[in-house]
$ cat structure_3.csv   # CSV, C-alpha atoms
chain,number,residue,atom,x,y,z
A,233,MET,CA,119.2,81.4,90.4
A,234,PHE,CA,119.9,78.5,92.7
A,235,THR,CA,120.1,77.9,96.5
A,236,GLY,CA,123.1,75.5,96.8
A,237,ILE,CA,120.8,72.8,98.2
A,238,ILE,CA,121.6,69.7,96.0
A,239,GLU,CA,118.4,68.1,94.7
A,240,THR,CA,119.9,64.8,93.6
A,241,LEU,CA,123.0,63.1,92.4
A,242,GLY,CA,123.2,62.3,88.7
A,243,LYS,CA,125.6,60.0,86.9
A,244,VAL,CA,127.5,61.0,83.8
A,245,THR,CA,126.7,58.5,81.1
A,246,ASP,CA,128.3,60.1,78.0
A,247,LEU,CA,130.8,62.8,77.1
A,248,ARG,CA,131.1,64.0,73.5
A,249,HIS,CA,133.5,66.6,72.3
A,250,ASP,CA,132.3,68.9,69.5
A,251,GLN,CA,134.9,71.4,68.4
A,252,GLY,CA,135.6,73.5,71.6
A,253,ASN,CA,132.4,72.3,73.3
A,254,LEU,CA,131.7,69.3,75.5
A,255,HIS,CA,128.2,67.7,75.5
A,256,ILE,CA,127.5,66.0,78.8
A,257,THR,CA,124.7,63.4,79.2
A,258,VAL,CA,123.6,62.7,82.8
A,259,GLU,CA,121.2,60.0,84.1
A,260,SER,CA,119.2,61.1,87.1
A,261,ALA,CA,115.9,60.8,89.0
A,262,ILE,CA,114.8,64.2,87.8
A,263,ALA,CA,115.4,63.8,84.1
A,264,ASN,CA,111.8,63.1,83.3
A,265,GLU,CA,110.8,66.4,85.0
A,266,LEU,CA,113.2,68.5,83.0
A,267,LYS,CA,112.4,70.6,79.9
A,268,ILE,CA,114.5,71.6,76.9
A,269,ASP,CA,116.1,75.1,77.6
A,270,GLN,CA,115.8,74.7,81.4
A,271,SER,CA,118.8,75.8,83.6
A,272,VAL,CA,120.3,73.1,85.8
A,273,ALA,CA,123.3,73.5,88.0
A,274,HIS,CA,125.9,70.7,87.5
A,275,ASN,CA,128.5,70.7,90.3
A,276,GLY,CA,127.5,74.4,90.6
A,277,VAL,CA,127.8,75.2,86.9
A,278,CYS,CA,124.6,76.5,85.4
A,279,LEU,CA,124.1,74.7,82.1
A,280,THR,CA,121.1,74.6,79.7
A,281,VAL,CA,119.3,71.3,78.9
A,282,ILE,CA,119.5,70.7,75.1
A,283,ALA,CA,118.2,67.1,74.8
A,284,LEU,CA,116.2,64.7,76.9
A,285,THR,CA,115.4,61.0,77.1
A,286,GLU,CA,113.2,59.3,79.7
A,287,ASN,CA,116.1,59.1,82.3
A,288,THR,CA,118.8,61.3,80.9
A,289,HIS,CA,119.4,64.9,80.0
A,290,THR,CA,122.2,66.5,77.9
A,291,VAL,CA,123.9,69.9,78.4
A,292,THR,CA,126.7,71.7,76.6
A,293,ALA,CA,129.7,73.3,78.2
A,294,ILE,CA,131.5,75.8,75.9
A,295,GLU,CA,135.2,76.5,75.9
A,296,GLU,CA,134.8,79.4,78.4
A,297,THR,CA,133.1,77.2,80.9
A,298,LEU,CA,135.6,74.4,80.4
A,299,ASN,CA,138.5,76.8,81.0
A,300,LYS,CA,137.1,78.2,84.2
A,301,THR,CA,135.5,75.2,85.9
A,302,SER,CA,136.2,71.6,86.6
A,303,ILE,CA,133.4,70.4,84.4
A,304,GLY,CA,135.9,69.3,81.7
A,305,ASP,CA,137.4,66.9,84.2
A,306,LEU,CA,134.2,64.8,84.5
A,307,LYS,CA,134.4,61.1,83.6
A,308,VAL,CA,131.7,58.6,82.5
A,309,GLY,CA,130.3,57.0,85.6
A,310,GLU,CA,131.2,59.9,87.9
A,311,PRO,CA,128.5,61.4,90.2
A,312,VAL,CA,127.5,65.0,89.6
A,313,ASN,CA,125.5,67.3,92.0
A,314,LEU,CA,122.3,68.5,90.4
A,315,GLU,CA,120.0,71.4,91.3
A,316,ARG,CA,117.2,72.9,89.3
A,317,CYS,CA,116.6,76.6,89.5
A,318,VAL,CA,114.7,78.0,92.4
A,319,GLN,CA,111.0,78.6,92.2
A,320,MET,CA,110.2,82.1,93.5
A,321,ASN,CA,107.5,80.7,95.8
A,322,ALA,CA,109.9,78.3,97.5
A,323,ARG,CA,112.0,78.7,100.7
A,324,LEU,CA,115.6,79.8,100.2
A,325,ASP,CA,117.2,77.1,102.3
A,326,GLY,CA,120.9,77.7,101.3
A,327,HIS,CA,122.0,81.1,100.0
A,328,ILE,CA,121.8,83.0,96.8
A,329,VAL,CA,123.7,81.1,94.1
A,330,GLN,CA,123.9,82.1,90.5
A,331,GLY,CA,125.5,79.0,89.0
A,332,HIS,CA,128.4,81.2,87.7
A,333,VAL,CA,131.6,79.6,89.0
A,334,ASP,CA,134.2,82.1,90.0
A,335,GLN,CA,137.2,79.8,90.0
A,336,THR,CA,138.3,76.3,91.0
A,337,ALA,CA,140.1,75.2,94.2
A,338,THR,CA,142.0,72.1,95.2
A,339,CYS,CA,141.3,70.1,98.3
A,340,THR,CA,144.5,70.2,100.5
A,341,VAL,CA,143.2,68.6,103.7
A,342,PHE,CA,140.5,65.9,104.3
A,343,LYS,CA,139.7,64.9,107.9
A,344,GLU,CA,137.3,62.3,108.9
A,345,LEU,CA,136.0,63.4,112.4
A,346,GLU,CA,133.7,61.7,114.8
A,347,GLY,CA,130.4,61.9,112.8
A,348,SER,CA,131.4,64.6,110.4
A,349,TRP,CA,134.1,65.5,107.9
A,350,GLU,CA,136.3,68.6,107.4
A,351,TYR,CA,137.7,69.8,104.1
A,352,THR,CA,140.2,72.5,103.4
A,353,PHE,CA,140.4,74.0,100.0
A,354,ALA,CA,143.2,76.3,98.5
A,355,TYR,CA,142.4,78.8,95.8
A,356,ASP,CA,144.3,81.6,93.9
A,357,SER,CA,143.6,84.7,95.9
A,358,ALA,CA,145.0,86.9,93.1
A,359,THR,CA,141.5,86.9,91.6
A,360,GLY,CA,140.3,89.1,94.5
A,361,ASN,CA,137.8,86.5,95.9
A,362,VAL,CA,137.5,86.2,99.6
A,363,THR,CA,135.8,84.1,102.3
A,364,VAL,CA,134.7,85.1,105.7
A,365,GLU,CA,134.3,83.1,108.9
A,366,LYS,CA,130.7,81.8,109.1
A,367,GLY,CA,130.0,83.2,105.6
A,368,SER,CA,128.6,81.3,102.7
A,369,ILE,CA,130.6,79.5,100.0
A,370,CYS,CA,129.4,77.3,97.2
A,371,VAL,CA,131.6,74.2,96.6
A,372,ASN,CA,130.6,72.0,93.6
A,373,GLY,CA,127.2,73.7,93.8
A,374,ILE,CA,126.7,72.9,97.5
A,375,SER,CA,125.9,75.8,99.9
A,376,LEU,CA,128.3,75.5,102.8
A,377,THR,CA,129.4,77.6,105.8
A,378,VAL,CA,133.1,78.6,106.1
A,379,VAL,CA,134.5,77.5,109.4
A,380,ASN,CA,138.1,78.7,108.9
A,381,SER,CA,139.0,81.5,106.5
A,382,GLY,CA,142.5,82.4,105.3
A,383,THR,CA,143.7,84.7,102.5
A,384,ASP,CA,144.0,81.8,100.0
A,385,HIS,CA,142.2,78.9,101.7
A,386,PHE,CA,139.2,78.0,103.8
A,387,SER,CA,137.7,75.0,105.5
A,388,VAL,CA,134.1,73.6,105.7
A,389,ALA,CA,132.6,71.1,108.0
A,390,ILE,CA,130.2,68.5,106.5
A,391,ILE,CA,127.3,66.8,108.2
A,392,PRO,CA,126.5,63.1,107.3
A,393,TYR,CA,123.5,64.0,105.2
A,394,THR,CA,125.5,66.3,102.9
A,395,TYR,CA,128.4,63.8,102.8
A,396,GLU,CA,126.1,61.0,101.7
A,397,HIS,CA,123.8,62.9,99.3
A,398,THR,CA,126.4,64.9,97.3
A,399,ASN,CA,129.6,64.0,95.5
A,400,LEU,CA,131.7,65.3,98.4
A,401,HIS,CA,132.1,61.7,99.4
A,402,ASN,CA,134.4,61.4,96.4
A,403,VAL,CA,136.5,64.5,97.2
A,404,ARG,CA,140.0,63.8,98.6
A,405,VAL,CA,143.3,65.7,98.8
A,406,GLY,CA,144.2,66.8,95.2
A,407,THR,CA,140.6,66.9,93.9
A,408,LYS,CA,139.6,70.0,92.0
A,409,VAL,CA,136.3,71.6,92.8
A,410,ASN,CA,134.2,74.5,91.5
A,411,LEU,CA,133.8,77.6,93.8
A,412,GLU,CA,131.2,80.3,93.7
A,413,PHE,CA,131.9,83.0,96.3
A,414,ASP,CA,129.0,84.8,98.1
A,415,ILE,CA,127.4,87.3,95.8
A,416,ILE,CA,127.1,90.0,98.5
A,417,GLY,CA,130.7,89.5,99.5
A,418,LYS,CA,131.8,89.9,95.8
A,419,TYR,CA,129.9,93.2,95.5
A,420,VAL,CA,131.3,94.6,98.7
A,421,ALA,CA,134.8,93.6,97.8
A,422,ARG,CA,134.5,95.2,94.3
A,423,LEU,CA,133.2,98.5,95.9
A,424,MET,CA,136.0,98.5,98.5
A,425,ASN,CA,138.5,98.3,95.6
A,426,ARG,CA,137.2,101.4,93.8

$ encode --input "structure_3.csv" --output "structure tokens"
Amino acid sequence: MFTGIIETLGKVTDLRHDQGNLHITVESAIANELKIDQSVAHNGVCLTVIALTENTHTVTAIEETLNKTSIGDLKVGEPVNLERCVQMNARLDGHIVQGHVDQTATCTVFKELEGSWEYTFAYDSATGNVTVEKGSICVNGISLTVVNSGTDHFSVAIIPYTYEHTNLHNVRVGTKVNLEFDIIGKYVARLMNR
């Protein structure tokens, strides 16, 4: 389980295809603290550490993950949002995040405001996922608050700290991102459809 509070930015240093899998090596400040078999969220996608060096870790994304997330779009040199799993004795600063991406979305509007930024993302509403005004949404692993909610789109407002310390500073119109909808909202929506 995660919180959506990004711990650090990593940098993709190697991408290696192996049959239907993609092995991703990431350099980061937390690599020396990781362990083999540990879960780490990469742009919101929970992946298992399979190899370590002093300053890198490697994870594997299988075909299912590549088909349902934007992880396969990563390029060498690109920044990636990293979060280790939550410790049960820690504060839950964001919201409950599983690291299981529901679908991708595309940035349709990017506005630079006076001291903040606003993004609008469009997604396929046929999947049954919904957002609510002032509810939680996880974008590329970042716990954010919905400021405008539509049937197939939503907006978020970004403070300078989040903009500077996550890979949102690289997101512009046309960029594909990973979405994980609020777990409570997903259960309520499923029960309402019974």

$ residues_around --input "structure_3.csv" --residues "Gly347 in chain A" --least-positions-apart "2" --cutoff "8 Å" --atoms "only C-alpha atoms" --output "PyMOL selection string"
chain A and resi 344-345+349+391-392

$ closest_residue --input "structure_3.csv" --among "A:Thr235, A:Thr359, A:Ser271, A:His249" --to "Arg422 in chain A" --atoms "only C-alpha atoms"
A:Thr359

$ residues_around --input "structure_3.csv" --residues "range 316-318 of chain A" --least-positions-apart "2" --cutoff "10 Å" --atoms "only C-alpha atoms" --output "list in words"
Met233, Phe234, Thr235, Gly236, Ile237, Ile238, Glu239, Thr240, Ile262, Leu266, Gln270, Ser271, Val272, Ala273, His274, Cys278, Leu314, Met320, Asn321, Ala322, Arg323, Leu324, Ile328, Val329, Gln330 and Gly331 of chain A

$ closest_atom_pairs --input "structure_3.csv" --of "range 285-370 of chain A" --to "range 394-404 of chain A" --cutoff "9 Å" --atoms "only C-alpha atoms" --output "JSON lines"
{"residue": "A:Glu310", "atom": "CA", "partner": "A:Asn399", "partner_atom": "CA", "distance": 8.8}
{"residue": "A:Pro311", "atom": "CA", "partner": "A:Asn399", "partner_atom": "CA", "distance": 6.0}
{"residue": "A:Val312", "atom": "CA", "partner": "A:Asn399", "partner_atom": "CA", "distance": 6.3}
{"residue": "A:Asn313", "atom": "CA", "partner": "A:Thr398", "partner_atom": "CA", "distance": 5.9}
{"residue": "A:Leu314", "atom": "CA", "partner": "A:Thr398", "partner_atom": "CA", "distance": 8.8}
{"residue": "A:Cys339", "atom": "CA", "partner": "A:Arg404", "partner_atom": "CA", "distance": 6.4}
{"residue": "A:Thr340", "atom": "CA", "partner": "A:Arg404", "partner_atom": "CA", "distance": 8.1}
{"residue": "A:Val341", "atom": "CA", "partner": "A:Arg404", "partner_atom": "CA", "distance": 7.7}
{"residue": "A:Phe342", "atom": "CA", "partner": "A:Arg404", "partner_atom": "CA", "distance": 6.1}
{"residue": "A:Ser348", "atom": "CA", "partner": "A:Tyr395", "partner_atom": "CA", "distance": 8.2}
{"residue": "A:Trp349", "atom": "CA", "partner": "A:Tyr395", "partner_atom": "CA", "distance": 7.8}
{"residue": "A:Tyr351", "atom": "CA", "partner": "A:Arg404", "partner_atom": "CA", "distance": 8.5}

$ atom_distance --input "structure_3.csv" --atom1 "CA of Thr352 in chain A" --atom2 "CA of Glu296 in chain A"
26.5 Å

$ closest_residue --input "structure_3.csv" --among "A:Glu259, A:Glu346, A:Asp305, A:Asp384" --to "Ala293 in chain A" --atoms "all atoms listed in the file"
A:Asp305

$ atom_distance --input "structure_3.csv" --atom1 "CA of Glu365 in chain A" --atom2 "CA of Leu423 in chain A"
20.2 Å

$ atom_distance --input "structure_3.csv" --atom1 "CA of Ile256 in chain A" --atom2 "CA of Cys370 in chain A"
21.7 Å

$ residues_near_point --input "structure_3.csv" --point "(135.6, 77.0, 105.2)" --cutoff "12 Å" --atoms "all atoms listed in the file" --output "PyMOL selection string"
chain A and resi 339+341+349-355+362-371+375-390+411+413

$ build_atoms --input "structure_3.csv" --residues "range 237-248 of chain A" --atoms "all heavy atoms" --output "mmCIF file, in the frame of the given file"
data_model
loop_
_atom_site.group_PDB
_atom_site.id
_atom_site.type_symbol
_atom_site.label_atom_id
_atom_site.label_comp_id
_atom_site.auth_asym_id
_atom_site.auth_seq_id
_atom_site.Cartn_x
_atom_site.Cartn_y
_atom_site.Cartn_z
ATOM 1 N N ILE A 237 121.331 73.975 97.566
ATOM 2 C CA ILE A 237 120.800 72.800 98.200
ATOM 3 C C ILE A 237 120.663 71.717 97.096
ATOM 4 O O ILE A 237 119.804 71.839 96.228
ATOM 5 C CB ILE A 237 119.467 73.012 98.906
ATOM 6 C CG1 ILE A 237 119.607 74.130 99.945
ATOM 7 C CG2 ILE A 237 118.942 71.723 99.535
ATOM 8 C CD1 ILE A 237 120.602 73.863 101.061
ATOM 9 N N ILE A 238 121.515 70.709 97.106
ATOM 10 C CA ILE A 238 121.600 69.700 96.000
ATOM 11 C C ILE A 238 120.273 68.901 96.032
ATOM 12 O O ILE A 238 119.863 68.367 97.053
ATOM 13 C CB ILE A 238 122.789 68.806 96.173
ATOM 14 C CG1 ILE A 238 124.076 69.649 96.165
ATOM 15 C CG2 ILE A 238 122.824 67.746 95.065
ATOM 16 C CD1 ILE A 238 124.233 70.582 94.997
ATOM 17 N N GLU A 239 119.664 68.818 94.864
ATOM 18 C CA GLU A 239 118.400 68.100 94.700
ATOM 19 C C GLU A 239 118.592 66.607 94.576
ATOM 20 O O GLU A 239 117.881 65.808 95.165
ATOM 21 C CB GLU A 239 117.663 68.665 93.506
ATOM 22 C CG GLU A 239 116.260 68.239 93.378
ATOM 23 C CD GLU A 239 115.526 69.017 92.313
ATOM 24 O OE1 GLU A 239 116.067 69.995 91.755
ATOM 25 O OE2 GLU A 239 114.383 68.626 92.022
ATOM 26 N N THR A 240 119.581 66.226 93.795
ATOM 27 C CA THR A 240 119.900 64.800 93.600
ATOM 28 C C THR A 240 121.252 64.648 92.993
ATOM 29 O O THR A 240 121.835 65.603 92.485
ATOM 30 C CB THR A 240 118.798 64.176 92.631
ATOM 31 O OG1 THR A 240 118.946 62.758 92.637
ATOM 32 C CG2 THR A 240 118.928 64.697 91.217
ATOM 33 N N LEU A 241 121.763 63.443 93.074
ATOM 34 C CA LEU A 241 123.000 63.100 92.400
ATOM 35 C C LEU A 241 122.663 62.455 91.062
ATOM 36 O O LEU A 241 121.788 61.594 90.994
ATOM 37 C CB LEU A 241 123.812 62.081 93.226
ATOM 38 C CG LEU A 241 124.771 62.622 94.256
ATOM 39 C CD1 LEU A 241 125.390 61.477 95.051
ATOM 40 C CD2 LEU A 241 125.851 63.465 93.622
ATOM 41 N N GLY A 242 123.334 62.896 90.016
ATOM 42 C CA GLY A 242 123.200 62.300 88.700
ATOM 43 C C GLY A 242 124.461 61.474 88.428
ATOM 44 O O GLY A 242 125.437 61.542 89.181
ATOM 45 N N LYS A 243 124.438 60.717 87.330
ATOM 46 C CA LYS A 243 125.600 60.000 86.900
ATOM 47 C C LYS A 243 125.901 60.270 85.462
ATOM 48 O O LYS A 243 125.015 60.189 84.608
ATOM 49 C CB LYS A 243 125.368 58.462 87.094
ATOM 50 C CG LYS A 243 126.576 57.602 86.713
ATOM 51 C CD LYS A 243 126.361 56.144 87.037
ATOM 52 C CE LYS A 243 125.500 55.506 85.985
ATOM 53 N NZ LYS A 243 125.384 54.052 86.103
ATOM 54 N N VAL A 244 127.144 60.653 85.174
ATOM 55 C CA VAL A 244 127.500 61.000 83.800
ATOM 56 C C VAL A 244 127.526 59.660 82.999
ATOM 57 O O VAL A 244 128.161 58.671 83.377
ATOM 58 C CB VAL A 244 128.954 61.596 83.756
ATOM 59 C CG1 VAL A 244 129.389 61.837 82.324
ATOM 60 C CG2 VAL A 244 128.986 62.892 84.561
ATOM 61 N N THR A 245 126.756 59.672 81.890
ATOM 62 C CA THR A 245 126.700 58.500 81.100
ATOM 63 C C THR A 245 127.356 58.621 79.707
ATOM 64 O O THR A 245 127.653 57.630 79.048
ATOM 65 C CB THR A 245 125.197 58.057 80.815
ATOM 66 O OG1 THR A 245 124.522 59.132 80.148
ATOM 67 C CG2 THR A 245 124.499 57.712 82.125
ATOM 68 N N ASP A 246 127.604 59.880 79.288
ATOM 69 C CA ASP A 246 128.300 60.100 78.000
ATOM 70 C C ASP A 246 128.915 61.461 77.970
ATOM 71 O O ASP A 246 128.366 62.430 78.510
ATOM 72 C CB ASP A 246 127.253 59.975 76.853
ATOM 73 C CG ASP A 246 127.930 59.986 75.484
ATOM 74 O OD1 ASP A 246 128.865 59.186 75.275
ATOM 75 O OD2 ASP A 246 127.548 60.811 74.633
ATOM 76 N N LEU A 247 130.080 61.536 77.353
ATOM 77 C CA LEU A 247 130.800 62.800 77.100
ATOM 78 C C LEU A 247 131.188 62.835 75.670
ATOM 79 O O LEU A 247 131.836 61.912 75.165
ATOM 80 C CB LEU A 247 132.064 62.858 78.006
ATOM 81 C CG LEU A 247 131.841 62.840 79.519
ATOM 82 C CD1 LEU A 247 133.150 62.572 80.248
ATOM 83 C CD2 LEU A 247 131.236 64.160 79.978
ATOM 84 N N ARG A 248 130.765 63.895 74.975
ATOM 85 C CA ARG A 248 131.100 64.000 73.500
ATOM 86 C C ARG A 248 131.644 65.354 73.226
ATOM 87 O O ARG A 248 131.015 66.382 73.483
ATOM 88 C CB ARG A 248 129.799 63.747 72.728
ATOM 89 C CG ARG A 248 130.053 63.649 71.231
ATOM 90 C CD ARG A 248 128.814 63.232 70.474
ATOM 91 N NE ARG A 248 127.665 64.095 70.700
ATOM 92 C CZ ARG A 248 127.439 65.240 70.055
ATOM 93 N NH1 ARG A 248 128.290 65.665 69.134
ATOM 94 N NH2 ARG A 248 126.363 65.948 70.308
#
